[in-house]
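Chemist: Compact mmCIF, C-alpha atoms, file data-v8.txt:
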# COMPACT_ATOMS: atom_id res chain seq x y z
CA MET D 140 0.00 0.00 0.00
CA ASP D 141 1.19 3.54 -0.79
CA PHE D 142 0.23 6.65 1.09
CA SER D 143 1.58 10.13 1.72
CA ALA D 144 2.01 11.97 5.00
CA SER D 145 3.91 14.87 6.49
CA HIS D 146 5.46 15.39 9.91
CA ARG D 147 6.90 18.24 11.90
CA GLY D 148 10.37 17.84 13.38
CA ALA D 149 11.62 19.05 16.76
CA ASP D 150 12.95 22.15 15.00
CA GLY D 151 9.48 22.93 13.65
CA LYS D 152 10.37 22.09 10.06
CA VAL D 153 7.75 20.18 8.11
CA THR D 154 8.69 17.39 5.73
CA GLY D 155 6.78 14.59 4.03
CA HIS D 156 7.13 11.23 2.35
CA ASN D 157 5.42 8.88 -0.03
CA TYR D 158 5.37 5.87 2.23
CA GLU D 159 5.16 2.33 0.97
CA LEU D 160 3.87 -0.26 3.41
CA GLU D 161 4.34 -4.02 3.07
CA VAL D 162 2.42 -6.26 5.46
CA THR D 163 3.16 -9.97 5.83
CA ILE D 164 0.83 -12.34 7.60
CA SER D 165 1.49 -15.96 8.48
CA GLY D 166 -0.50 -18.81 9.91
CA PRO D 167 -2.13 -22.12 9.09
CA VAL D 168 -3.96 -22.44 5.79
CA SER D 169 -7.65 -22.96 6.42
CA PRO D 170 -8.70 -26.35 4.99
CA GLU D 171 -12.03 -24.79 4.09
CA THR D 172 -10.86 -21.68 2.21
CA GLY D 173 -7.29 -22.64 1.26
CA MET D 174 -6.14 -19.28 2.59
CA VAL D 175 -4.29 -17.99 5.65
CA LEU D 176 -6.43 -14.88 5.53
CA ASP D 177 -8.71 -13.40 2.90
CA LEU D 178 -6.61 -10.69 1.25
CA LYS D 179 -9.74 -8.59 0.99
CA GLU D 180 -9.92 -8.61 4.78
CA LEU D 181 -6.23 -7.66 5.01
CA LYS D 182 -6.77 -4.82 2.53
CA ASP D 183 -9.81 -3.57 4.44
CA VAL D 184 -7.87 -3.59 7.70
CA MET D 185 -4.91 -1.75 6.12
CA GLU D 186 -7.20 0.88 4.63
CA ARG D 187 -9.06 1.38 7.90
CA GLU D 188 -6.14 1.26 10.30
CA VAL D 189 -3.43 2.94 8.23
CA GLU D 190 -4.67 4.76 5.15
CA ALA D 191 -7.71 6.37 6.78
CA ARG D 192 -5.64 7.52 9.74
CA PHE D 193 -2.46 8.72 8.06
CA ASP D 194 -2.88 9.33 4.34
CA HIS D 195 -2.56 13.01 3.44
CA ARG D 196 -2.28 14.01 7.07
CA SER D 197 0.39 15.34 9.38
CA LEU D 198 1.59 12.53 11.64
CA THR D 199 2.56 15.03 14.32
CA ASP D 200 -0.36 17.47 14.08
CA ASP D 201 -3.31 15.31 13.03
CA THR D 202 -2.75 12.07 14.96
CA PRO D 203 -2.28 11.34 18.68
CA TRP D 204 0.67 8.94 18.37
CA PHE D 205 3.54 11.38 17.96
CA LYS D 206 2.83 13.92 20.68
CA ASP D 207 5.53 12.55 22.97
CA ARG D 208 7.83 10.81 20.51
CA PRO D 209 9.30 11.84 17.18
CA ALA D 210 7.64 10.62 13.97
CA THR D 211 10.71 8.68 12.83
CA PRO D 212 10.34 5.69 10.51
CA GLU D 213 11.17 3.43 13.48
CA ASN D 214 8.40 4.86 15.68
CA PHE D 215 5.90 5.03 12.81
CA ALA D 216 6.51 1.39 11.87
CA ALA D 217 6.02 0.37 15.50
CA VAL D 218 2.70 2.27 15.67
CA ILE D 219 1.50 0.66 12.44
CA PHE D 220 2.47 -2.79 13.73
CA GLU D 221 0.48 -2.25 16.94
CA LEU D 222 -2.60 -0.97 15.10
CA LEU D 223 -2.60 -3.85 12.62
CA GLU D 224 -1.89 -6.45 15.28
CA LYS D 225 -4.99 -5.36 17.23
CA ALA D 226 -7.19 -5.33 14.12
CA LEU D 227 -6.13 -8.59 12.45
CA PRO D 228 -7.08 -12.10 13.62
CA ALA D 229 -4.93 -12.98 16.63
CA GLY D 230 -1.44 -14.18 15.78
CA THR D 231 -1.61 -13.60 12.03
CA LEU D 232 0.48 -10.42 11.69
CA TYR D 233 4.06 -11.48 11.01
CA ARG D 234 5.92 -8.45 9.68
CA VAL D 235 5.55 -4.81 8.73
CA ARG D 236 7.95 -3.12 6.35
CA LEU D 237 7.67 0.64 6.02
CA HIS D 238 9.58 2.38 3.22
CA PRO D 239 9.79 6.14 3.86
CA THR D 240 11.86 6.43 0.66
CA PRO D 241 12.58 3.83 -2.04
CA ASP D 242 16.11 3.13 -0.73
CA VAL D 243 15.36 2.39 2.90
CA TYR D 244 12.86 0.44 4.93
CA VAL D 245 12.18 -0.22 8.57
CA GLU D 246 10.99 -3.65 9.59
CA VAL D 247 9.12 -4.78 12.69
CA THR D 248 8.71 -8.53 13.07
CA ARG D 249 6.49 -10.49 15.44
CA MET I 269 13.77 -4.86 18.15
CA ILE I 270 13.59 -2.95 14.92
CA ARG I 271 15.50 -3.58 11.72
CA ILE I 272 16.47 -0.95 9.17
CA VAL I 273 17.59 -1.90 5.70
CA GLN I 274 19.16 0.80 3.55
CA ARG I 275 20.23 0.42 -0.04
CA PHE I 276 23.38 1.95 -1.51
CA ALA I 277 25.06 1.69 -4.91
CA PHE I 278 28.52 1.59 -6.41
CA SER I 279 30.02 0.64 -9.75
CA ALA I 280 33.16 -1.43 -10.16
CA ALA I 281 35.00 -3.74 -12.52
CA HIS I 282 36.40 -7.14 -11.73
CA VAL I 283 38.01 -10.22 -13.23
CA LEU I 284 37.11 -13.59 -11.78
CA ALA I 285 40.38 -15.48 -12.01
CA ARG I 286 42.89 -16.84 -9.53
CA GLY I 287 46.49 -15.89 -10.14
CA ASP I 288 47.67 -19.31 -8.99
CA TRP I 289 45.52 -21.20 -11.52
CA PRO I 290 46.25 -21.66 -15.21
CA ALA I 291 44.02 -19.78 -17.66
CA GLU I 292 42.21 -22.97 -18.69
CA ARG I 293 41.16 -23.73 -15.14
CA ASN I 294 39.97 -20.15 -14.50
CA ARG I 295 38.03 -20.34 -17.73
CA ALA I 296 36.49 -23.66 -16.71
CA VAL I 297 35.45 -22.40 -13.27
CA TYR I 298 34.49 -18.78 -13.93
CA GLY I 299 33.56 -18.83 -17.64
CA LYS I 300 33.37 -15.47 -19.38
CA CYS I 301 33.91 -13.75 -16.03
CA ALA I 302 37.57 -14.83 -16.28
CA ASN I 303 38.21 -12.71 -19.39
CA PRO I 304 41.38 -10.72 -18.61
CA ALA I 305 39.87 -7.47 -19.90
CA GLY I 306 37.46 -7.53 -16.95
CA HIS I 307 33.85 -6.43 -16.86
CA GLY I 308 31.81 -4.18 -14.63
CA HIS I 309 28.62 -4.09 -12.61
CA ASN I 310 26.37 -1.52 -11.05
CA TYR I 311 26.26 -3.07 -7.61
CA GLY I 312 23.57 -2.54 -5.03
CA VAL I 313 24.42 -2.98 -1.35
CA GLU I 314 21.68 -3.47 1.21
CA VAL I 315 22.87 -2.98 4.77
CA ALA I 316 20.60 -4.37 7.50
CA VAL I 317 21.02 -3.22 11.09
CA GLU I 318 19.03 -3.99 14.22
CA GLY I 319 18.80 -2.14 17.47
CA GLU I 320 16.72 -0.59 20.19
CA VAL I 321 14.94 2.63 19.38
CA ASP I 322 16.38 5.50 21.41
CA ALA I 323 13.51 7.08 23.36
CA GLY I 324 14.76 10.60 22.77
CA SER I 325 15.65 10.54 19.09
CA GLY I 326 13.21 7.83 18.03
CA ARG I 327 16.01 6.28 15.96
CA ILE I 328 18.20 3.20 16.34
CA LEU I 329 21.22 5.13 15.02
CA PRO I 330 21.83 8.88 15.03
CA GLU I 331 20.59 10.60 11.87
CA GLY I 332 23.06 10.15 9.05
CA ARG I 333 25.39 7.74 10.89
CA LEU I 334 24.74 4.73 8.65
CA GLU I 335 25.07 6.75 5.43
CA GLU I 336 28.34 8.30 6.65
CA LEU I 337 29.82 4.93 7.67
CA VAL I 338 28.87 3.17 4.46
CA ARG I 339 30.11 6.06 2.34
CA THR I 340 33.48 6.43 4.05
CA ARG I 341 34.21 2.77 4.78
CA VAL I 342 32.67 1.01 1.79
CA LEU I 343 31.68 3.20 -1.15
CA ASP I 344 34.80 5.38 -1.12
CA GLU I 345 36.92 2.24 -1.29
CA LEU I 346 34.96 0.31 -3.93
CA ASP I 347 33.22 2.80 -6.22
CA GLN I 348 34.72 3.29 -9.70
CA THR I 349 37.56 0.82 -9.14
CA LEU I 350 38.96 -2.32 -10.66
CA LEU I 351 38.44 -4.41 -7.56
CA ASN I 352 41.29 -6.86 -8.23
CA ARG I 353 43.86 -4.08 -8.64
CA ASP I 354 42.60 -1.21 -6.49
CA VAL I 355 41.21 -2.87 -3.35
CA PRO I 356 43.80 -4.56 -1.09
CA ALA I 357 41.28 -7.15 0.14
CA PHE I 358 41.05 -8.51 -3.40
CA ALA I 359 44.77 -8.55 -4.20
CA SER I 360 44.78 -12.30 -3.67
CA THR I 361 41.08 -13.05 -3.12
CA VAL I 362 38.79 -13.40 -6.12
CA PRO I 363 36.19 -10.58 -6.01
CA THR I 364 33.16 -12.79 -6.44
CA ALA I 365 29.82 -11.48 -5.19
CA GLU I 366 30.25 -13.79 -2.18
CA ASN I 367 33.66 -12.38 -1.31
CA ILE I 368 32.58 -8.77 -1.87
CA ALA I 369 29.61 -9.24 0.46
CA ARG I 370 31.89 -10.76 3.09
CA HIS I 371 34.41 -7.93 2.69
CA ILE I 372 31.69 -5.31 3.19
CA TRP I 373 30.48 -7.18 6.27
CA ASP I 374 34.01 -7.28 7.70
CA THR I 375 34.45 -3.57 6.96
CA LEU I 376 31.25 -2.50 8.76
CA ASP I 377 30.88 -5.09 11.52
CA GLY I 378 31.65 -3.63 14.93
CA HIS I 379 31.28 -0.01 13.79
CA LEU I 380 27.52 0.39 14.10
CA ALA I 381 27.07 0.67 17.87
CA PRO I 382 24.60 1.06 19.52
CA ALA I 383 22.93 -0.88 16.67
CA ARG I 384 24.41 -4.07 15.23
CA LEU I 385 24.95 -5.31 11.71
CA VAL I 386 22.70 -8.28 10.85
CA ALA I 387 23.10 -8.78 7.09
CA ILE I 388 24.73 -7.55 3.91
CA ARG I 389 22.98 -8.21 0.63
CA LEU I 390 25.04 -7.56 -2.47
CA VAL I 391 23.02 -7.23 -5.67
CA GLU I 392 25.31 -7.87 -8.63
CA THR I 393 22.72 -7.89 -11.43
CA ARG I 394 18.94 -7.84 -11.40
CA ASN I 395 19.08 -11.63 -11.53
CA ASN I 396 21.61 -12.44 -8.85
CA SER I 397 22.40 -11.33 -5.35
CA VAL I 398 24.25 -12.70 -2.35
CA GLU I 399 23.34 -12.32 1.29
CA TYR I 400 25.83 -12.71 4.13
CA ALA I 401 24.95 -12.62 7.81
CA GLY I 402 28.39 -13.14 9.31
CA GLY I 403 29.78 -16.25 10.87
CA GLY I 404 32.51 -17.19 8.41
CA ALA I 405 31.34 -19.37 5.54
CA VAL I 406 29.30 -17.62 2.85
Please render this file's structure as structure tokens.
Modeler:
Amino acid sequence: MDFSASHRGADGKVTGHNYELEVTISGPVSPETGMVLDLKELKDVMEREVEARFDHRSLTDDTPWFKDRPATPENFAAVIFELLEKALPAGTLYRVRLHPTPDVYVEVTR
Amino acid sequence: MIRIVQRFAFSAAHVLARGDWPAERNRAVYGKCANPAGHGHNYGVEVAVEGEVDAGSGRILPEGRLEELVRTRVLDELDQTLLNRDVPAFASTVPTAENIARHIWDTLDGHLAPARLVAIRLVETRNNSVEYAGGGAV
């Protein structure tokens, strides 16, 4: 998933990124559906938990998560992991990779 | 624990041939890569580090530290060189992708505190890459 957001640094300067988010889930394949998780469900959760909250917003000004910690890629990836972990079926979220630019990503693994 | 993977790039030439082997054997083992004229690649280097996020800065390494280390310790040494001739580590070691990855690991390992190096991935062409996570054998 791609989305765009800005953030304000400690010095007051505002910057922004086109973020790319990769989400990996793992778990047993349901004998009934042949899937670990319906990708439609994963997409819905990502849109609700991430895109709706952060896309075209200021991480520092428009959301409550970066009032007491800087909106670094590390902290942002950790917030996204927590939000998705709560919203997805228990134990299915395996890994979140957040690319703030094409040449770097931050990874949080279960 | 959080992992950061950052990608860098350099260009270099190499010849895959051992000086202590006859030409026929180098040719048999390394194929066209043994041609004495050498050939070059646009290499990609992916450096993976892990660490604890500093509560104050929100980062596992100070801003710019990884870029600075990779530039001064790795890219400045390897970029726009003939690896066999210009890089001491490859004076008597064949600069295969495996050996280049291991050399980059050895060059960076121990210099990334308070984070730690966990893997080097060397991308030689779009179809082949090597990953090294330390520990000796590639």
Chemist: Excluding stretch 200-216 of chain D and any residue of its chain fewer than 6 positions from it, enumerate the residues within 8 Å of it, using all atoms listed in the file, and give them as a list in words.
Modeler: His146, Arg147, Gly148, Ala149, Arg192, Phe193, Val235, Arg236, Leu237, Pro239, Val245, Glu246 and Val247 of chain D; Ile270, Val321, Ala323, Gly324, Ser325, Gly326, Arg327 and Ile328 of chain I
Chemist: Taking C-alpha atoms for each residue, export the selection above as a PDB file, keeping the file's coordinate frame.
Modeler:
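For reference, result02.pdb as written:
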ATOM      1  CA  HIS D 146       5.460  15.390   9.910  1.00  0.00           C
ATOM      2  CA  ARG D 147       6.900  18.240  11.900  1.00  0.00           C
ATOM      3  CA  GLY D 148      10.370  17.840  13.380  1.00  0.00           C
ATOM      4  CA  ALA D 149      11.620  19.050  16.760  1.00  0.00           C
ATOM      5  CA  ARG D 192      -5.640   7.520   9.740  1.00  0.00           C
ATOM      6  CA  PHE D 193      -2.460   8.720   8.060  1.00  0.00           C
ATOM      7  CA  VAL D 235       5.550  -4.810   8.730  1.00  0.00           C
ATOM      8  CA  ARG D 236       7.950  -3.120   6.350  1.00  0.00           C
ATOM      9  CA  LEU D 237       7.670   0.640   6.020  1.00  0.00           C
ATOM     10  CA  PRO D 239       9.790   6.140   3.860  1.00  0.00           C
ATOM     11  CA  VAL D 245      12.180  -0.220   8.570  1.00  0.00           C
ATOM     12  CA  GLU D 246      10.990  -3.650   9.590  1.00  0.00           C
ATOM     13  CA  VAL D 247       9.120  -4.780  12.690  1.00  0.00           C
TER      14      VAL D 247
ATOM     15  CA  ILE I 270      13.590  -2.950  14.920  1.00  0.00           C
ATOM     16  CA  VAL I 321      14.940   2.630  19.380  1.00  0.00           C
ATOM     17  CA  ALA I 323      13.510   7.080  23.360  1.00  0.00           C
ATOM     18  CA  GLY I 324      14.760  10.600  22.770  1.00  0.00           C
ATOM     19  CA  SER I 325      15.650  10.540  19.090  1.00  0.00           C
ATOM     20  CA  GLY I 326      13.210   7.830  18.030  1.00  0.00           C
ATOM     21  CA  ARG I 327      16.010   6.280  15.960  1.00  0.00           C
ATOM     22  CA  ILE I 328      18.200   3.200  16.340  1.00  0.00           C
TER      23      ILE I 328
END
Chemist: With a distance cut-off of 8 Å and all atoms listed in the file, select the neighbouring residues of stretch 274-289 of chain I, excluding the residue or stretch itself and same-chain residues fewer than 2 positions from it, and output the selection as a CSV table (one decimal) with C-alpha atoms, keeping the file's coordinate frame.
Modeler:
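Saved to around.csv:
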chain,number,residue,atom,x,y,z
D,242,ASP,CA,16.1,3.1,-0.7
D,243,VAL,CA,15.4,2.4,2.9
D,244,TYR,CA,12.9,0.4,4.9
I,272,ILE,CA,16.5,-1.0,9.2
I,291,ALA,CA,44.0,-19.8,-17.7
I,293,ARG,CA,41.2,-23.7,-15.1
I,294,ASN,CA,40.0,-20.2,-14.5
I,295,ARG,CA,38.0,-20.3,-17.7
I,298,TYR,CA,34.5,-18.8,-13.9
I,301,CYS,CA,33.9,-13.8,-16.0
I,302,ALA,CA,37.6,-14.8,-16.3
I,303,ASN,CA,38.2,-12.7,-19.4
I,304,PRO,CA,41.4,-10.7,-18.6
I,305,ALA,CA,39.9,-7.5,-19.9
I,306,GLY,CA,37.5,-7.5,-17.0
I,307,HIS,CA,33.8,-6.4,-16.9
I,308,GLY,CA,31.8,-4.2,-14.6
I,309,HIS,CA,28.6,-4.1,-12.6
I,310,ASN,CA,26.4,-1.5,-11.0
I,311,TYR,CA,26.3,-3.1,-7.6
I,312,GLY,CA,23.6,-2.5,-5.0
I,313,VAL,CA,24.4,-3.0,-1.4
I,314,GLU,CA,21.7,-3.5,1.2
I,315,VAL,CA,22.9,-3.0,4.8
I,316,ALA,CA,20.6,-4.4,7.5
I,343,LEU,CA,31.7,3.2,-1.2
I,346,LEU,CA,35.0,0.3,-3.9
I,347,ASP,CA,33.2,2.8,-6.2
I,348,GLN,CA,34.7,3.3,-9.7
I,349,THR,CA,37.6,0.8,-9.1
I,350,LEU,CA,39.0,-2.3,-10.7
I,351,LEU,CA,38.4,-4.4,-7.6
I,352,ASN,CA,41.3,-6.9,-8.2
I,360,SER,CA,44.8,-12.3,-3.7
I,361,THR,CA,41.1,-13.0,-3.1
I,362,VAL,CA,38.8,-13.4,-6.1
I,363,PRO,CA,36.2,-10.6,-6.0
I,364,THR,CA,33.2,-12.8,-6.4
Chemist: Measuring atom to atom with only C-alpha atoms, identify which of I:Gly299, I:Pro330, I:Pro290, I:Gly403 is nearest to chain D.
Modeler: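 Ranking I:Gly299, I:Pro330, I:Pro290, I:Gly403 by distance to chain D, first place goes to I:Pro330.
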Chemist: Report as a count of residues only all protein, DNA and RNA residues lying within 8 Å of I:Ala387, evaluated on all atoms listed in the file, omitting residues in the same chain fewer than 6 positions from it.
Modeler: 8
Chemist: How many Å lie between atom CA of D:Glu180 and atom CA of D:Val162, rounded to one decimal?
Modeler: 12.6 Å
Chemist: Give as a JSON list (two decimals) with C-alpha atoms, in the frame of the given file the set of residues within 12 Å of the point (-5.9, -7.7, 13.6), where distances use the file's coordinates and all atoms listed in the file.
Modeler:
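Result saved to result_32.json:
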[["chain", "number", "residue", "atom", "x", "y", "z"],
["D", 162, "VAL", "CA", 2.42, -6.26, 5.46],
["D", 164, "ILE", "CA", 0.83, -12.34, 7.60],
["D", 176, "LEU", "CA", -6.43, -14.88, 5.53],
["D", 180, "GLU", "CA", -9.92, -8.61, 4.78],
["D", 181, "LEU", "CA", -6.23, -7.66, 5.01],
["D", 182, "LYS", "CA", -6.77, -4.82, 2.53],
["D", 183, "ASP", "CA", -9.81, -3.57, 4.44],
["D", 184, "VAL", "CA", -7.87, -3.59, 7.70],
["D", 185, "MET", "CA", -4.91, -1.75, 6.12],
["D", 187, "ARG", "CA", -9.06, 1.38, 7.90],
["D", 188, "GLU", "CA", -6.14, 1.26, 10.30],
["D", 219, "ILE", "CA", 1.50, 0.66, 12.44],
["D", 220, "PHE", "CA", 2.47, -2.79, 13.73],
["D", 221, "GLU", "CA", 0.48, -2.25, 16.94],
["D", 222, "LEU", "CA", -2.60, -0.97, 15.10],
["D", 223, "LEU", "CA", -2.60, -3.85, 12.62],
["D", 224, "GLU", "CA", -1.89, -6.45, 15.28],
["D", 225, "LYS", "CA", -4.99, -5.36, 17.23],
["D", 226, "ALA", "CA", -7.19, -5.33, 14.12],
["D", 227, "LEU", "CA", -6.13, -8.59, 12.45],
["D", 228, "PRO", "CA", -7.08, -12.10, 13.62],
["D", 229, "ALA", "CA", -4.93, -12.98, 16.63],
["D", 230, "GLY", "CA", -1.44, -14.18, 15.78],
["D", 231, "THR", "CA", -1.61, -13.60, 12.03],
["D", 232, "LEU", "CA", 0.48, -10.42, 11.69],
["D", 233, "TYR", "CA", 4.06, -11.48, 11.01]]
Chemist: Between atom CA of D:Ser143 and atom CA of D:Ser197, what distance in Å does the model show, to one decimal?
Modeler: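 Computing it gives 9.3 Å between the two atoms.
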Chemist: Output, as lines of an AutoDock Vina configuration file, the centre and edge lengths in Å (one decimal) of the axis-aligned box that contains all listed atoms of stretch 363-381 of chain I with 5 Å of margin on each side.
Modeler:
center_x = 31.6
center_y = -6.6
center_z = 5.7
size_x = 19.1
size_y = 24.5
size_z = 34.3
Chemist: To one decimal place in Å, what is the distance between atom CA of D:Thr199 and atom CA of D:Ser145?
Modeler: 7.9 Å
Chemist: Which residue gives the smallest distance to chain I among D:Leu198, D:Ala217, D:Val153, D:Leu178, with all atoms listed in the file counted?
Modeler: D:Ala217
Chemist: Give the answer as one residue: which of D:Arg196, D:Glu186, D:Gly166, D:Ala191 has the shortest atom-to-atom distance to D:Met140, using only C-alpha atoms?
Modeler: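 For D:Met140, the nearest of the given residues is D:Glu186.
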Chemist: Between I:Asp354, I:Asp374, I:Glu320, I:Ala296, which is the closest to chain D once you count all atoms listed in the file?
Modeler: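 Closest residue, counting all atoms listed in the file: I:Glu320.
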